[in-house]
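These notes concern the structure reproduced below.
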Amino acid sequence: MKRITITLEPHMEEDFVPLLEYIKEKGCEPHLNMLEWEHKTEDNVISGLRSSHGVVAGGEPYTKRVLQELQGSLEIIARFGIGYDHIDINAATEVGIAITNTPGKMSSPVAEMNLGLLLNISRGVGQFDRKIRNGEWWTMMRGTELEGKTVGLIGFGNIAQKFTQYLIGFNCTVLAYDINFDETAAKKLNVKRAELDKIASESDFVSMHIPDTEKTRGMIDKSFFNKMKNTAFFINTARGSVVVERDLIDALQRGAIKGAGLDVFEKEPIQRDNPLLSMDNVILTPHIAAITHETMISAGFQAVDNIIDCFQGRKPRNILNPDFSGNK
């Protein structure tokens with residue numbers, strides 16, 4: 001019997017019951033191997049997947065070494081989610097391991113979290129909550145309305161487009177930058193194409209929606225923050241690596257921007273000495289924008305379906321290594 005291991009970050013075990021049952025229905029043996037972020041080392045991944053044929057994968061590293069060690073047993077890594085910057089696709093292809101993801105399943109929850117972070121930081125919800133819990137009836141801060149504001153999107157894929165749909169009711173002007181700009185979607189959603197400088201200088205809110213690649217890594221830096229309004233807010237639910245975090249911290253500390261809502265960071269989990277933790281003008285969440293009860297089902301089932309396709313000799317949907325030709 002083929003074994004499918006789930007390596008998603010720790011949640012309540014009952015969250016995984018439907019997924020474990022679905023794996024059984026497909027005639028496979030389910031195995032749960034949740035690792036805390038700090039334990040996601042190459043050695044732990046190798047030892048945890050030695051007897052697995054497929055994996056519903058979280059954010060653990062699949063380096064060339066890991067993939068070579070698992071060659072011959074592991075047939076497919078099915079990402080629960082979209083990003084795959086921690087997977088060596090070329091090495092996977094070389095050793096005959098298929099890589100897939102679950103596009104489209106995360107758009108709504110991430111877009112919702114994006115809107116939640118934006119509204120929370122602009123209206124000071126986190127600050128007011130902390131003050132009240134500390135016994136203070138603090139009314140000195142004035143929030144910023146979203147109604148009628150300009151929102152700049154860096155990246156205009158599925159999540160950004162879903163986020164734009166949510167903004168329609170707020171009568172916002174939406175600007176977007178993307179190297180592969182979707183003109184059809186932009187016309188439908190009344191989004192204006194813009195370069196990065198225009199987004200930085202004109203936006204009241206800047207929202208990140210780009211993957212981690214060699215070209216995007218660190219693309220938002222001090223130069224960008226210096227062009228932003230000092231009343232503007234920065235939101236990132238994409239990848240921490242696309243922002244130079246020290247430059248973001250500097251911009252927040254000196255008031256170059258008003259605040260930030262962050263679900264992702266350069267180093268995860270966030271380090272205890274990170275200045276972001278002590279800032280009142282920042283709201284933080286632990287890279288969980290895509291995780292809801294609904295995505296545990298929809299994305300989890302899609303990942304398992306990709307694995308079953310591979311087991312049964314079909315080319316999986318959402319294949320990320322198009323030259324994949326099966327185990328060598």
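How things are named: the first chain in the structure tokens is A, the next is B, and so on; residues count from 1 in each chain; ligands count from 1 in the order shown.
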
If we count only C-alpha atoms and set the cut-off at 10 Å, which residues sit around A:Ile319, ignoring sequence neighbours fewer than 5 positions away in its own chain? Please answer as a VMD selection string. chain A and resid 78 98 to 102 306 324

Contacts of A:Phe265 at 7 Å (only C-alpha atoms; same-chain gap of 5+ positions) as a tab-separated table (two decimals) with C-alpha atoms, in the first residue's frame:
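Once everything was written out, this is selection-v5.tsv:
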```
chain	number	residue	atom	x	y	z
A	239	ARG	CA	6.61	36.30	0.69
A	240	GLY	CA	8.87	38.01	3.22
A	241	SER	CA	11.85	37.69	0.90
A	270	ILE	CA	10.14	35.63	13.25
```

What's the 6 Å shell around stretch 56-65 of chain A, counting only C-alpha atoms, without same-chain residues fewer than 6 positions away, as a list in words?
Ile6, Thr7, Leu8, Lys40, Ala78, Arg79, Phe80, His86, Ile87, Asp88 and Ala91 of chain A

Just the residues within 10 Å of A:Glu294, please, counting only C-alpha atoms, with nothing from its chain fewer than 3 positions along; format it as a compact mmCIF listing (two decimals) with N, CA and C atoms, in the first residue's frame.
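The resulting file, selection_29.txt, is shown below:
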```txt
# COMPACT_ATOMS: atom_id res chain seq x y z
N LYS A 105 -6.92 27.64 -5.05
CA LYS A 105 -7.57 27.26 -3.80
C LYS A 105 -7.31 28.27 -2.68
N MET A 106 -6.25 29.06 -2.81
CA MET A 106 -5.87 29.97 -1.73
C MET A 106 -6.29 31.42 -1.99
N PRO A 109 -9.08 32.98 0.71
CA PRO A 109 -8.62 33.18 2.10
C PRO A 109 -7.48 34.19 2.22
N ALA A 290 -3.45 31.73 4.26
CA ALA A 290 -4.14 30.76 3.42
C ALA A 290 -4.83 29.65 4.19
N ILE A 291 -4.63 29.60 5.50
CA ILE A 291 -5.11 28.47 6.28
C ILE A 291 -6.47 28.75 6.89
N ILE A 297 -9.72 21.46 3.39
CA ILE A 297 -10.45 20.49 2.58
C ILE A 297 -10.12 20.67 1.09
N SER A 298 -10.34 21.87 0.57
CA SER A 298 -10.23 22.07 -0.87
C SER A 298 -8.81 21.89 -1.39
N ALA A 299 -7.84 22.55 -0.73
CA ALA A 299 -6.45 22.42 -1.19
C ALA A 299 -5.89 21.05 -0.83
N GLY A 300 -6.27 20.53 0.35
CA GLY A 300 -5.78 19.22 0.75
C GLY A 300 -6.25 18.12 -0.18
```

Identify, with DSSP run on backbone atoms, the residues in stretch 120-170 of chain A assigned to strand (DSSP E or B), and express the list as a list in words.
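Taking stretch 120-170 of chain A and keeping strand (DSSP E or B) only, one gets Thr150, Val151, Gly152, Leu153 and Ile154 of chain A.
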
Point to revise | Selection near A:Leu284, 8 Å with only C-alpha atoms, sequence-local residues under 5 positions removed, as number ranges by chain | key: A: 261-263

Requested write-out: N, CA and C atoms of the selected residues, as a JSON list (two decimals), in the first residue's frame:
```
[["chain", "number", "residue", "atom", "x", "y", "z"],
["A", 261, "GLY", "N", 0.93, 45.77, 7.82],
["A", 261, "GLY", "CA", 0.28, 44.52, 8.20],
["A", 261, "GLY", "C", 1.02, 43.38, 7.52],
["A", 262, "LEU", "N", 1.59, 42.47, 8.30],
["A", 262, "LEU", "CA", 2.51, 41.46, 7.75],
["A", 262, "LEU", "C", 2.13, 40.05, 8.18],
["A", 263, "ASP", "N", 2.04, 39.16, 7.20],
["A", 263, "ASP", "CA", 1.83, 37.75, 7.47],
["A", 263, "ASP", "C", 3.08, 36.93, 7.16]]
```

- Query: stretch 37-278 of chain A: which residues are helix (DSSP H, G or I) by DSSP, as a ChimeraX atom specification?
  - Reply: /A:37-39,42-48,64-70,89-95,107-122,125-133,158-170,183-189,196-202,222-227,240-242,245-253,275-278

What separates atom CA of A:Lys162 and atom CA of A:Pro286 is a distance of 21.6 Å

- [ ] Can you pull out every residue within 12 Å of A:Phe205, counting only C-alpha atoms, but drop anything in the same chain fewer than 2 positions away, and send it as JSON, numbers by chain?
- [x] {"A": [114, 115, 117, 118, 119, 121, 122, 144, 145, 146, 147, 148, 149, 150, 151, 152, 153, 154, 167, 172, 173, 174, 175, 176, 199, 200, 201, 202, 203, 207, 208, 225, 228, 229, 230, 231, 232, 233, 234, 235, 236, 257, 258, 259, 260, 261]}

Please, which residues in stretch 47-124 of chain A fall within 12 Å of stretch 24-29 of chain A when counting only C-alpha atoms, and what is the closest atom pair and distance in Å to one decimal for each, ordered by chain then residue number, as a tab-separated table?
```
residue	atom	partner	partner_atom	distance
A:Ser51	CA	A:Glu29	CA	11.0
A:Ser52	CA	A:Glu29	CA	9.4
A:His53	CA	A:Cys28	CA	9.8
A:Gly54	CA	A:Cys28	CA	9.8
A:Val55	CA	A:Glu29	CA	11.4
```

Just to be explicit: take each residue in the selection above, keep C-alpha atoms, and write the result as a tab-separated table (two decimals), in the first residue's frame.
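This is the output file again12.tsv:
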```
chain	number	residue	atom	x	y	z
A	51	SER	CA	8.98	5.29	3.81
A	52	SER	CA	6.63	7.69	2.01
A	53	HIS	CA	5.61	7.54	-1.64
A	54	GLY	CA	3.79	10.86	-1.71
A	55	VAL	CA	3.69	13.93	0.50
```

Practice task
Could you tell me how far atom CA of A:Asn190 lies from atom CA of A:Ile82, in Å and to one decimal?
Solution key: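 It comes out at 25.9 Å.
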
Practice problem: Grab the atom CA of A:Leu49 to atom CA of A:Leu20 distance for me, in Å with one decimal place. | Solution: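 Taking atom CA of A:Leu49 and atom CA of A:Leu20, their separation equals 16.6 Å.
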
Restricting the calculation to only C-alpha atoms: of A:Leu67, A:Ile168, A:Met141, A:Ala111, which residue gets closest to A:Val125?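 Nearest to A:Val125: A:Met141.
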